[in-house]
Amino acid sequence: GSFLRLECGISIEKFNDIDLRSFQITLDGEEKYHNKTRFAKDDHHTYSKIVNNIELLCHNINNINMTVRINYTIQNIKSIEKIADAFSQDIRPLILISPHVVWQHFKRIPNLSETIETKMTTFRIKGYKVKDYISSPKKCIGCYTESMLQFVVNYNAQIYKCTARDFSEKYSIGKLDID
């Protein structure tokens with residue numbers, strides 16, 4: 001039919017039908033860094049697909065609650081403000097930007113709170129929502145996926161309960177399908 005579909009083939013209309021309107025979608029830095037980190041077996045250009053899916057969701061989900069989590073490292077932090085130009089201006093007010101240090105790099109990253117705050121100012125100026133608190137890297141107190149109503153959906157529609165794991169099928173708890 002004429003349904004809008006995400007890159008994984010899932011119908012956006014289905015999200016509205018089940019009142020799924022809260023999303024946290026991760027970018028691992030701007031396009032160059034993201035594509036080096038997050039890729040599929042036959043696809044090394046996942047950044048543009050993720051950006052396109054965020055655009056589709058923001059334009060088509062009723063009362064969307066969209067968070068774009070930006071994972072940063074000492075290598076990619078210098079260019080994360082390039083992400084601010086990736087999205088059309090009309091959806092920027094719908095997007096909350098949430099920067100997070102990559103936990104595997106926690107001990108190697110010096111205090112970057114001033115650098116992150118400067119980068120987030122760029123996002124604010126360009127029309128995004130930004131969390132009011134941007135602090136220096138700190139250890140995670142709890143995981144958002146510990147909630148019974150939180151799940152991680154990978155690019156291929158596989159469902160997981162945690163982001164801090166290998167996204168292989170053996171850890172998957174299910175898969176979204178067309179129904």
# chains A, B, ... in the order shown; residues from 1 in each chain; ligands from 1
$ residues_around --residues "segment 13-25 of chain A" --least-positions-apart "6" --cutoff "8 Å" --atoms "only C-alpha atoms" --output "ChimeraX atom specification"
/A:3-4,54,60-69,179
$ residues_around --residues "segment 27-34 of chain A" --least-positions-apart "6" --cutoff "10 Å" --atoms "only C-alpha atoms" --output "number ranges by chain"
A: 44-48, 50-51, 68-73, 75-84, 86, 99-100, 102
$ closest_residue --among "A:Tyr155, A:Tyr160, A:Phe167, A:Phe123" --to "Ile95 of chain A" --atoms "only C-alpha atoms"
A:Phe123
$ atom_distance --atom1 "atom CA of Cys162 of chain A" --atom2 "atom CA of Leu56 of chain A"
24.8 Å
